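Peer 1: What follows is the file query.cif, containing mmCIF, C-alpha atoms:
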data_input
loop_
_atom_site.label_atom_id
_atom_site.label_comp_id
_atom_site.auth_asym_id
_atom_site.auth_seq_id
_atom_site.Cartn_x
_atom_site.Cartn_y
_atom_site.Cartn_z
CA MET A 70 20.26 -2.32 -6.09
CA SER A 71 23.76 -3.44 -5.26
CA ALA A 72 25.22 -6.85 -5.86
CA SER A 73 26.81 -8.66 -2.97
CA SER A 74 30.42 -9.74 -3.40
CA GLN A 75 29.41 -13.01 -1.77
CA ASN A 76 27.80 -13.90 -5.09
CA TYR A 77 31.13 -13.52 -6.92
CA HIS A 78 32.72 -16.96 -7.14
CA LEU A 79 35.71 -16.31 -9.40
CA SER A 80 39.42 -16.38 -8.80
CA ASP A 81 41.00 -13.00 -8.18
CA ASP A 82 42.90 -13.07 -11.47
CA LEU A 83 39.66 -13.58 -13.40
CA LEU A 84 37.31 -11.48 -11.27
CA GLY A 85 39.07 -8.21 -12.01
CA PRO A 86 38.99 -8.50 -15.83
CA VAL A 87 35.38 -9.73 -15.83
CA LEU A 88 34.21 -6.85 -13.64
CA ALA A 89 36.15 -4.39 -15.79
CA ILE A 90 34.44 -5.65 -18.96
CA LEU A 91 31.00 -5.60 -17.35
CA ASP A 92 31.48 -2.09 -16.04
CA ALA A 93 32.75 -0.89 -19.41
CA TYR A 94 29.38 -1.93 -20.84
CA GLN A 95 27.28 1.19 -20.39
CA ASP A 96 23.57 0.62 -19.85
CA PRO A 97 21.87 2.91 -22.39
CA TYR A 98 19.14 3.99 -19.94
CA LEU A 99 20.98 4.15 -16.61
CA HIS A 100 24.06 5.65 -18.31
CA GLN A 101 26.29 3.61 -16.02
CA GLY A 102 28.37 0.48 -16.25
CA LEU A 103 26.61 -2.68 -15.10
CA VAL A 104 28.78 -3.02 -11.99
CA THR A 105 28.47 0.63 -10.98
CA ALA A 106 24.70 0.43 -11.51
CA GLY A 107 24.51 -2.58 -9.19
CA CYS A 108 23.06 -4.86 -11.87
CA VAL A 109 25.56 -7.73 -11.46
CA THR A 110 24.18 -10.21 -8.94
CA LYS A 111 26.11 -13.39 -9.68
CA LEU A 112 29.47 -14.46 -11.10
CA ALA A 113 30.72 -18.04 -11.19
CA ILE A 114 32.80 -20.20 -13.54
CA GLU A 115 32.47 -23.88 -14.40
CA ASP A 116 34.48 -25.59 -17.17
CA LYS A 117 35.20 -22.23 -18.85
CA ARG A 118 31.47 -21.41 -18.80
CA LEU A 119 30.83 -18.13 -17.04
CA GLN A 120 27.58 -17.99 -15.08
CA LEU A 121 26.42 -14.39 -15.02
CA GLY A 122 23.41 -13.04 -13.13
CA LEU A 123 21.97 -9.59 -13.85
CA CYS A 124 19.09 -7.82 -12.16
CA TYR A 125 17.85 -4.54 -13.60
CA PRO A 126 16.03 -1.88 -11.56
CA TYR A 127 13.80 -1.07 -14.55
CA PRO A 128 11.88 -3.33 -16.95
CA CYS A 129 13.69 -4.01 -20.22
CA GLN A 130 12.73 -7.56 -21.20
CA SER A 131 12.85 -6.80 -24.93
CA GLN A 132 16.53 -5.89 -24.59
CA TYR A 133 17.69 -9.09 -22.87
CA ARG A 134 18.73 -10.94 -26.02
CA ASP A 135 20.85 -8.10 -27.40
CA THR A 136 22.44 -7.53 -24.00
CA VAL A 137 23.44 -11.19 -23.64
CA MET A 138 24.88 -11.27 -27.16
CA ALA A 139 26.89 -8.10 -26.59
CA LEU A 140 28.26 -9.25 -23.24
CA THR A 141 29.10 -12.71 -24.57
CA HIS A 142 31.07 -11.13 -27.41
CA LYS A 143 33.01 -8.88 -25.02
CA LEU A 144 33.72 -11.56 -22.40
CA ALA A 145 34.85 -14.09 -25.01
CA VAL A 146 38.16 -12.23 -25.37
CA LEU A 147 39.23 -13.75 -22.04
CA ASP A 148 41.01 -17.08 -22.44
CA ALA A 149 39.35 -18.51 -19.34
CA ILE A 150 35.88 -18.07 -20.84
CA ASP A 151 34.47 -20.01 -23.78
CA GLU A 152 30.78 -19.62 -23.03
CA VAL A 153 28.50 -17.25 -21.10
CA GLU A 154 25.35 -18.43 -19.36
CA CYS A 155 23.35 -15.37 -18.41
CA GLU A 156 20.22 -15.05 -16.27
CA ILE A 157 18.51 -11.64 -16.30
CA ASP A 158 15.82 -10.45 -13.92
CA PHE A 159 14.01 -7.22 -13.07
CA GLN A 160 13.22 -5.99 -9.58
CA ALA A 161 11.57 -2.65 -8.83
CA LYS A 162 12.15 -1.16 -5.40
CA THR A 163 9.46 0.44 -3.30
CA ILE A 164 9.96 4.20 -3.47
CA VAL A 165 8.90 6.03 -0.33
CA SER A 166 7.63 9.53 -1.13
CA GLY A 167 8.18 11.88 1.81
CA ALA A 168 5.76 11.44 4.70
CA VAL A 169 3.13 9.67 2.59
CA ALA A 170 2.94 5.95 3.32
CA PRO A 171 3.33 3.60 0.34
CA LEU A 172 0.21 1.94 -1.04
CA PRO A 173 -0.25 -1.74 -0.14
CA ASN A 174 1.00 -4.00 -2.94
CA VAL A 175 2.28 -1.02 -5.00
CA LYS A 176 6.01 -0.36 -5.30
CA GLN A 177 6.01 2.79 -7.42
CA VAL A 178 3.37 5.30 -8.56
CA ILE A 179 3.69 7.18 -11.86
CA ALA A 180 1.47 10.19 -12.54
CA VAL A 181 0.91 11.05 -16.21
CA ALA A 182 -0.22 14.66 -16.55
CA SER A 183 -0.73 17.51 -18.99
CA GLY A 184 -1.52 21.15 -18.52
CA LYS A 185 -4.42 21.02 -20.98
CA GLY A 186 -6.76 18.55 -22.62
CA GLY A 187 -6.57 17.31 -26.16
CA VAL A 188 -2.90 16.35 -26.20
CA GLY A 189 -3.48 12.58 -26.11
CA LYS A 190 -2.56 12.11 -22.46
CA SER A 191 -4.94 9.20 -21.79
CA THR A 192 -3.86 7.39 -24.95
CA THR A 193 -0.24 7.88 -23.92
CA THR A 194 -0.98 6.68 -20.37
CA VAL A 195 -2.65 3.47 -21.52
CA ASN A 196 0.10 2.61 -23.99
CA LEU A 197 2.80 3.47 -21.44
CA ALA A 198 1.21 1.13 -18.88
CA LEU A 199 0.94 -1.67 -21.44
CA ALA A 200 4.52 -1.06 -22.59
CA LEU A 201 5.81 -1.35 -19.02
CA ALA A 202 3.94 -4.66 -18.76
CA ALA A 203 5.35 -5.82 -22.11
CA GLU A 204 8.83 -5.13 -20.75
CA GLY A 205 8.21 -7.47 -17.82
CA ALA A 206 6.61 -5.36 -15.07
CA LYS A 207 3.42 -5.94 -13.08
CA VAL A 208 1.31 -2.88 -13.84
CA GLY A 209 -1.96 -1.25 -12.82
CA ILE A 210 -3.68 1.87 -14.13
CA LEU A 211 -5.92 4.30 -12.25
CA ASP A 212 -8.22 6.60 -14.18
CA ALA A 213 -8.10 9.81 -12.12
CA ASP A 214 -10.15 11.81 -14.60
CA ILE A 215 -13.31 11.85 -12.49
CA TYR A 216 -15.22 14.08 -14.91
CA GLY A 217 -14.22 12.39 -18.15
CA PRO A 218 -13.13 8.78 -17.53
CA SER A 219 -11.95 7.17 -20.76
CA ILE A 220 -9.75 4.29 -19.59
CA PRO A 221 -12.62 1.70 -19.51
CA ILE A 222 -13.27 2.21 -23.25
CA MET A 223 -9.59 2.41 -24.15
CA LEU A 224 -8.87 -0.89 -22.41
CA GLY A 225 -11.96 -2.57 -23.87
CA VAL A 226 -13.70 -3.17 -20.51
CA PRO A 227 -16.52 -0.56 -20.44
CA ASP A 228 -19.00 -2.99 -18.88
CA PHE A 229 -16.86 -4.07 -15.91
CA ASN A 230 -18.55 -3.68 -12.53
CA PRO A 231 -16.36 -3.82 -9.41
CA VAL A 232 -17.50 -6.10 -6.60
CA SER A 233 -16.66 -5.92 -2.92
CA PRO A 234 -15.82 -9.28 -1.34
CA ASP A 235 -15.71 -7.82 2.19
CA GLY A 236 -17.94 -4.75 1.91
CA LYS A 237 -14.91 -2.47 2.25
CA MET A 238 -12.57 -3.05 -0.67
CA MET A 239 -13.47 -3.41 -4.36
CA THR A 240 -11.98 -5.41 -7.18
CA ALA A 241 -10.06 -3.97 -10.12
CA ALA A 242 -10.67 -4.85 -13.75
CA SER A 243 -8.14 -6.92 -15.68
CA ALA A 244 -7.42 -6.02 -19.30
CA HIS A 245 -4.54 -6.97 -21.59
CA GLY A 246 -2.52 -8.18 -18.60
CA ILE A 247 -2.84 -5.08 -16.41
CA ALA A 248 -5.16 -4.12 -13.54
CA ALA A 249 -7.43 -1.09 -13.92
CA GLN A 250 -9.74 1.05 -11.83
CA SER A 251 -11.93 3.98 -12.89
CA ILE A 252 -14.94 5.98 -11.73
CA GLY A 253 -16.30 5.05 -15.14
CA PHE A 254 -16.90 1.53 -13.84
CA MET A 255 -19.38 2.93 -11.29
CA LEU A 256 -21.24 5.34 -13.57
CA GLY A 257 -23.75 4.51 -16.27
CA GLY A 258 -22.76 5.03 -19.87
CA ASP A 259 -24.38 8.49 -20.09
CA GLU A 260 -24.08 9.40 -16.41
CA ALA A 261 -21.86 12.34 -15.43
CA ALA A 262 -20.02 12.96 -12.16
CA VAL A 263 -21.44 16.42 -11.29
CA TRP A 264 -19.26 17.05 -8.25
CA ARG A 265 -17.35 19.97 -6.83
CA GLY A 266 -13.56 19.73 -6.64
CA PRO A 267 -13.19 18.47 -3.04
CA MET A 268 -15.83 15.77 -3.63
CA ALA A 269 -14.09 14.64 -6.82
CA ALA A 270 -10.75 14.60 -5.00
CA GLY A 271 -12.31 12.48 -2.26
CA ALA A 272 -13.66 10.04 -4.84
CA LEU A 273 -10.18 9.70 -6.30
CA THR A 274 -8.71 8.95 -2.88
CA GLN A 275 -11.35 6.27 -2.37
CA LEU A 276 -10.67 4.68 -5.73
CA LEU A 277 -6.98 4.56 -4.95
CA ASN A 278 -7.12 3.30 -1.38
CA GLU A 279 -10.16 1.02 -1.53
CA THR A 280 -9.18 -1.01 -4.57
CA LEU A 281 -7.81 -4.53 -4.14
CA TRP A 282 -4.70 -3.91 -6.22
CA PRO A 283 -2.68 -7.04 -7.00
CA GLU A 284 1.09 -6.96 -6.47
CA LEU A 285 2.25 -4.12 -8.72
CA ASP A 286 5.65 -2.80 -9.70
CA TYR A 287 4.00 0.32 -11.12
CA LEU A 288 0.64 1.99 -10.71
CA VAL A 289 0.21 4.45 -13.59
CA ILE A 290 -2.28 7.25 -12.90
CA ASP A 291 -4.03 9.02 -15.75
CA MET A 292 -4.39 12.53 -14.36
CA PRO A 293 -7.09 14.94 -15.48
CA PRO A 294 -5.79 18.04 -17.29
CA GLY A 295 -5.02 21.13 -15.23
CA THR A 296 -3.64 21.85 -11.77
CA GLY A 297 -6.73 21.93 -9.53
CA ASP A 298 -8.06 20.07 -6.48
CA ILE A 299 -7.67 16.57 -7.89
CA GLN A 300 -4.07 17.16 -8.96
CA LEU A 301 -3.11 18.68 -5.61
CA THR A 302 -4.84 15.88 -3.68
CA LEU A 303 -2.94 13.29 -5.68
CA SER A 304 0.34 15.15 -5.26
CA GLN A 305 0.01 15.61 -1.50
CA LYS A 306 -1.82 12.48 -0.29
CA VAL A 307 -0.57 9.80 -2.67
CA PRO A 308 3.02 8.46 -2.69
CA VAL A 309 3.76 9.54 -6.27
CA SER A 310 7.23 8.34 -7.24
CA GLY A 311 7.53 10.49 -10.36
CA ALA A 312 5.56 12.34 -13.02
CA VAL A 313 5.50 12.19 -16.82
CA ILE A 314 4.34 15.30 -18.69
CA VAL A 315 2.56 14.86 -22.03
CA THR A 316 2.45 17.77 -24.46
CA THR A 317 2.23 18.58 -28.14
CA PRO A 318 4.70 20.83 -29.96
CA GLN A 319 2.52 23.95 -30.28
CA ASP A 320 3.12 26.93 -28.01
CA ILE A 321 -0.24 26.84 -26.19
CA ALA A 322 0.21 23.21 -25.12
CA LEU A 323 3.80 23.85 -24.03
CA ALA A 324 2.71 26.84 -21.95
CA ASP A 325 0.17 24.69 -20.11
CA ALA A 326 2.60 21.79 -19.73
CA LYS A 327 4.97 24.20 -17.99
CA LYS A 328 2.31 24.70 -15.30
CA GLY A 329 2.18 20.94 -14.74
CA ILE A 330 5.94 20.81 -14.30
CA SER A 331 5.77 23.72 -11.87
CA MET A 332 3.08 22.00 -9.79
CA PHE A 333 5.06 18.79 -9.38
CA GLN A 334 8.21 20.75 -8.61
CA LYS A 335 6.43 22.67 -5.84
CA VAL A 336 5.29 19.45 -4.16
CA ASN A 337 8.71 17.80 -4.57
CA ILE A 338 7.68 15.10 -7.03
CA PRO A 339 10.42 14.28 -9.57
CA VAL A 340 9.54 15.05 -13.17
CA LEU A 341 10.75 11.96 -15.03
CA GLY A 342 10.53 13.59 -18.44
CA ILE A 343 8.39 14.88 -21.27
CA VAL A 344 6.55 12.94 -23.97
CA GLU A 345 5.90 14.98 -27.11
CA ASN A 346 2.73 13.58 -28.65
CA MET A 347 1.53 14.30 -32.20
CA SER A 348 5.10 15.33 -32.87
CA PHE A 349 4.96 14.74 -36.61
CA HIS A 350 2.84 13.22 -39.37
CA LEU A 351 4.09 10.77 -41.95
CA CYS A 352 2.26 10.83 -45.26
CA SER A 353 0.82 7.37 -45.90
CA GLU A 354 1.40 7.81 -49.65
CA CYS A 355 4.93 9.16 -49.91
CA GLY A 356 6.35 8.98 -46.38
CA HIS A 357 6.99 12.73 -46.24
CA LYS A 358 7.29 14.01 -42.65
CA GLU A 359 5.21 17.05 -41.76
CA PHE A 360 4.95 19.02 -38.51
CA PRO A 361 1.34 20.29 -38.27
CA PHE A 362 1.70 21.51 -34.67
CA GLY A 363 5.22 22.93 -34.91
CA GLN A 364 8.60 21.32 -34.48
CA ASP A 365 10.82 20.43 -31.52
CA GLY A 366 8.74 22.22 -28.89
CA GLY A 367 9.15 19.29 -26.53
CA VAL A 368 12.89 19.17 -27.20
CA LYS A 369 13.34 22.83 -26.31
CA MET A 370 11.13 22.48 -23.24
CA ALA A 371 13.11 19.48 -21.98
CA GLU A 372 16.36 21.38 -22.43
CA ARG A 373 14.96 24.49 -20.78
CA TYR A 374 13.83 22.74 -17.63
CA GLN A 375 16.60 20.13 -17.58
CA VAL A 376 14.38 17.07 -17.77
CA PRO A 377 14.66 14.20 -20.26
CA LEU A 378 12.70 14.10 -23.50
CA LEU A 379 11.29 10.59 -23.18
CA GLY A 380 10.05 10.28 -26.75
CA GLN A 381 8.33 11.87 -29.73
CA LEU A 382 5.20 10.11 -30.95
CA PRO A 383 3.67 10.52 -34.42
CA LEU A 384 0.21 11.75 -35.33
CA LYS A 385 -1.30 8.54 -36.74
CA LEU A 386 -4.90 7.55 -37.32
CA ASN A 387 -4.48 3.99 -36.10
CA ILE A 388 -3.31 5.11 -32.64
CA ARG A 389 -6.71 6.72 -32.10
CA GLU A 390 -8.58 3.87 -33.77
CA ASP A 391 -6.84 1.26 -31.61
CA VAL A 392 -7.91 2.83 -28.30
CA ASP A 393 -11.42 3.46 -29.62
CA GLN A 394 -11.66 -0.28 -30.25
CA GLY A 395 -10.34 -1.13 -26.79
CA VAL A 396 -7.09 -2.66 -28.09
CA PRO A 397 -4.33 -0.04 -27.70
CA THR A 398 -1.48 0.04 -30.21
CA VAL A 399 1.05 -1.70 -27.95
CA VAL A 400 -1.31 -4.70 -27.90
CA ALA A 401 -2.76 -4.36 -31.41
CA ASP A 402 0.62 -4.11 -33.17
CA PRO A 403 3.32 -5.06 -30.64
CA GLU A 404 6.12 -5.29 -33.21
CA GLY A 405 5.15 -2.12 -35.09
CA PRO A 406 7.22 1.09 -35.08
CA VAL A 407 4.80 3.03 -32.87
CA SER A 408 4.80 0.26 -30.25
CA GLN A 409 8.59 0.30 -30.28
CA LEU A 410 8.47 4.02 -29.47
CA TYR A 411 6.17 3.33 -26.52
CA LEU A 412 8.44 0.52 -25.31
CA ALA A 413 11.46 2.82 -25.43
CA ILE A 414 9.53 5.45 -23.45
CA ALA A 415 8.60 2.79 -20.87
CA ARG A 416 12.24 1.77 -20.44
CA LYS A 417 13.27 5.40 -20.00
CA VAL A 418 10.53 6.02 -17.44
CA GLY A 419 11.54 2.94 -15.45
CA ALA A 420 15.21 3.90 -15.58
CA GLN A 421 14.49 7.48 -14.52
CA LEU A 422 12.55 6.16 -11.52
CA ALA A 423 15.50 3.96 -10.60
CA LEU A 424 17.85 6.92 -10.88
CA THR A 425 15.69 9.05 -8.56
CA GLN A 426 16.59 6.61 -5.79
CA THR A 427 20.26 7.57 -6.03
CA GLN A 428 20.13 11.17 -7.23
CA ASP A 429 18.62 14.38 -5.94
CA VAL A 430 15.39 15.58 -7.52
CA VAL A 431 16.04 17.95 -10.42
CA SER A 432 15.30 21.50 -9.34
CA ILE A 433 13.24 23.33 -11.93
CA SER A 434 12.97 27.09 -11.64
CA ILE A 435 10.09 28.71 -13.49
CA SER A 436 9.55 32.45 -13.39
CA ASP A 437 6.25 34.16 -14.12
CA ASP A 438 7.51 35.83 -17.28
CA GLU A 439 8.69 32.63 -18.95
#
As a first step, turn the structure in this file into structure tokens.

Peer 2:
Amino acid sequence: MSASSQNYHLSDDLLGPVLAILDAYQDPYLHQGLVTAGCVTKLAIEDKRLQLGLCYPYPCQSQYRDTVMALTHKLAVLDAIDEVECEIDFQAKTIVSGAVAPLPNVKQVIAVASGKGGVGKSTTTVNLALALAAEGAKVGILDADIYGPSIPIMLGVPDFNPVSPDGKMMTAASAHGIAAQSIGFMLGGDEAAVWRGPMAAGALTQLLNETLWPELDYLVIDMPPGTGDIQLTLSQKVPVSGAVIVTTPQDIALADAKKGISMFQKVNIPVLGIVENMSFHLCSECGHKEFPFGQDGGVKMAERYQVPLLGQLPLKLNIREDVDQGVPTVVADPEGPVSQLYLAIARKVGAQLALTQTQDVVSISISDDE
């Protein structure tokens, strides 16, 4: 997103210093100055009051106040400026993925995957989606785990039944400010989807393409574990903008997560980064930090394959309890430390997606003996 110079209404002797100050301010997620990153959309001056417009390519609503305060402090050194009036917006671009056409109403698609089950991928997916929404984005979530759909319970809408206004398209559920779709909405509470891989993959494609999605900045897809038919169908027939890999620190989970990275690399989908779940446990009595599943496995994996470590989440009872009750942690305790970790991960994911528009996809080489 580049700002037009037509929106710069400052004298030449003031424009240069203002732009220099704004570009010296490095965005912590884009790792660029605000001018270089194309975030500056408006500059004007009236009675020594600078009117500044910023538009971010990733959602970061919780950071607006600190950003305005920091910029005001830096710009106040100029004699021509006594006050800064700042308007900040967010605008996600539609990312076109190869030859696959974009989904109607959906700008970007994020796949959340893991090589194996039991690493907390669905919990991470739900809280990531809610964190993106909390940061100012319009978000939807698709439960792609045909055999074990859990999103309806986690979002607290297990009894939702989609309807079809026109006999062709079906409605999505609405929960905690995001849209949601799942095969679980069509199955009875104890009913199982006993389907072969191609049939399950076809069901996923139907869920995706025949849902009346509202206008979305991000559609977050909770992938089933593994690298089978459903994963390949999603990778090849859906315009996935980028993938997030969820793992735990132990060796077996990391080995399986490597397969997920390899799959996305082979189908040219950018790996946005790794989330290390159950990274540590804090004793509720003394605060001592323990590492029941090993330490820094996600860190080493991120370094090895040259992808970002998006965050390390603790092993905490309330994270599981919150999703069991249908009120995930980001909603149940929005100001709490765990929610802040999810919000930071959401900002990093959004920024990484924005960066994929201007940078080549990271090439990840994985040999069989690794």

Peer 1: As a check of understanding, name the residues that the PyMOL selection byres ((chain A and resi 314) around 8) selects in the supplied structure, as an MDAnalysis selection string.

Peer 2: chainID A and resid 181:183 312:313 315:316 326 329:330 340 342:344

Peer 1: Go through A:Pro86, A:Gly405, A:Gly187, A:Gly271 one by one, measure the shortest atom-to-atom distance of each to Asn387 (chain A) using only C-alpha atoms, and give the residue with the smallest value.

Peer 2: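 Ranking A:Pro86, A:Gly405, A:Gly187, A:Gly271 by distance to Asn387 (chain A), first place goes to A:Gly405.
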
Peer 1: With all atoms listed in the file as the atoms that count, which of A:Gln421, A:Asn76, A:Thr193, A:Ser348 lies nearest to Lys111 (chain A)?

Peer 2: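 Once distances to Lys111 (chain A) are computed over all atoms listed in the file, the minimum belongs to A:Asn76.
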
Peer 1: Can you list, as a PyMOL selection string, every protein, DNA or RNA residue that comes within 10 Å of Pro126 (chain A) when you count only C-alpha atoms, leaving out same-chain residues fewer than 5 positions away?

Peer 2: chain A and resi 70+99+106-108+158-162+419-424

Peer 1: Output C-alpha atoms for every residue in the selection just made, as a PDB file, in the coordinates of the input.

Peer 2:
ATOM      1  CA  MET A  70      20.260  -2.320  -6.090  1.00  0.00           C
ATOM      2  CA  LEU A  99      20.980   4.150 -16.610  1.00  0.00           C
ATOM      3  CA  ALA A 106      24.700   0.430 -11.510  1.00  0.00           C
ATOM      4  CA  GLY A 107      24.510  -2.580  -9.190  1.00  0.00           C
ATOM      5  CA  CYS A 108      23.060  -4.860 -11.870  1.00  0.00           C
ATOM      6  CA  ASP A 158      15.820 -10.450 -13.920  1.00  0.00           C
ATOM      7  CA  PHE A 159      14.010  -7.220 -13.070  1.00  0.00           C
ATOM      8  CA  GLN A 160      13.220  -5.990  -9.580  1.00  0.00           C
ATOM      9  CA  ALA A 161      11.570  -2.650  -8.830  1.00  0.00           C
ATOM     10  CA  LYS A 162      12.150  -1.160  -5.400  1.00  0.00           C
ATOM     11  CA  GLY A 419      11.540   2.940 -15.450  1.00  0.00           C
ATOM     12  CA  ALA A 420      15.210   3.900 -15.580  1.00  0.00           C
ATOM     13  CA  GLN A 421      14.490   7.480 -14.520  1.00  0.00           C
ATOM     14  CA  LEU A 422      12.550   6.160 -11.520  1.00  0.00           C
ATOM     15  CA  ALA A 423      15.500   3.960 -10.600  1.00  0.00           C
ATOM     16  CA  LEU A 424      17.850   6.920 -10.880  1.00  0.00           C
TER      17      LEU A 424
END

Peer 1: Find the distance between CA of Ile210 (chain A) and CA of His100 (chain A) and write it in Å to one decimal.

Peer 2: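 A separation of 28.3 Å between them.
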
Peer 1: Have a look at A:Val368, A:Ala244, A:Leu103, A:Val418 and name the one nearest to Gln381 (chain A); count all atoms listed in the file.

Peer 2: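 Checking each candidate against Gln381 (chain A), we get A:Val368 as the closest.
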
Peer 1: Within 10 Å of (-16.3, 8.2, -23.1) (coordinates as in the file), grab all the protein and nucleic acid residues, counting all atoms listed in the file, and write them out as a ChimeraX atom specification.

Peer 2: /A:217-223,227,253,258-259,393

Peer 1: Of the candidates A:Ile179, A:Ala401, A:Ala200, A:Ile215, which shows the shortest atom-to-atom distance to Ala415 (chain A), using only C-alpha atoms?

Peer 2: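 Result for the nearest residue to Ala415 (chain A): A:Ala200.
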
Peer 1: Which of these residues is nearest to Pro293 (chain A), using only C-alpha atoms: A:Phe229, A:Tyr216, A:Phe349, A:Phe333?

Peer 2: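 Using only C-alpha atoms, Pro293 (chain A) sits closest to A:Tyr216.
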
Peer 1: For Ser233 (chain A), which of A:Leu276, A:Leu197, A:Val175, A:Leu281 is the closest residue, counting all atoms listed in the file?

Peer 2: A:Leu281

Peer 1: Could you list, as a list of chain:residue names, every residue within 12 Å of Met238 (chain A), counting only C-alpha atoms and ignoring same-chain residues fewer than 3 positions away?

Peer 2: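 Here the qualifying residues turn out to be A:Pro231, A:Val232, A:Ser233, A:Pro234, A:Asp235, A:Ala241, A:Gln275, A:Leu276, A:Leu277, A:Asn278, A:Glu279, A:Thr280, A:Leu281, A:Trp282.
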
Peer 1: In Å, rounded to a single decimal, give me how far CA of Val137 (chain A) is from CA of Leu121 (chain A).

Peer 2: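 Atom-to-atom, CA of Leu121 (chain A) to CA of Val137 (chain A), that is 9.7 Å.
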
Peer 1: Run the PyMOL selection byres ((chain A and resi 380) around 9) on the file and write out the hits as a list in words.

Peer 2: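 Residues picked by the PyMOL selection byres ((chain A and resi 380) around 9): Gly342, Ile343, Val344, Glu345, Asn346, Pro377, Leu378, Leu379, Gln381, Leu382, Leu410, Tyr411, Ala413, Ile414 and Lys417 of chain A.
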
Peer 1: How many Å lie between CA of Ala272 (chain A) and CA of Lys207 (chain A), rounded to one decimal?

Peer 2: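 Going from CA of Ala272 (chain A) over to CA of Lys207 (chain A), I get 24.8 Å.
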
Peer 1: Which residues would end up in the selection if the PyMOL selection byres ((chain A and resi 288) around 6) were applied here, given that I need the answer as number ranges by chain?

Peer 2: A: 178, 208-210, 287, 289

Peer 1: Within 10 Å of Leu147 (chain A), counting all atoms listed in the file, which residues qualify if same-chain residues fewer than 6 places away don't, as a compact mmCIF listing (two decimals) with C-alpha atoms, in the frame of the given file?

Peer 2:
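Final output, saved to around36.txt:
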# COMPACT_ATOMS: atom_id res chain seq x y z
CA LEU A 83 39.66 -13.58 -13.40
CA PRO A 86 38.99 -8.50 -15.83
CA VAL A 87 35.38 -9.73 -15.83
CA ILE A 90 34.44 -5.65 -18.96
CA LYS A 117 35.20 -22.23 -18.85
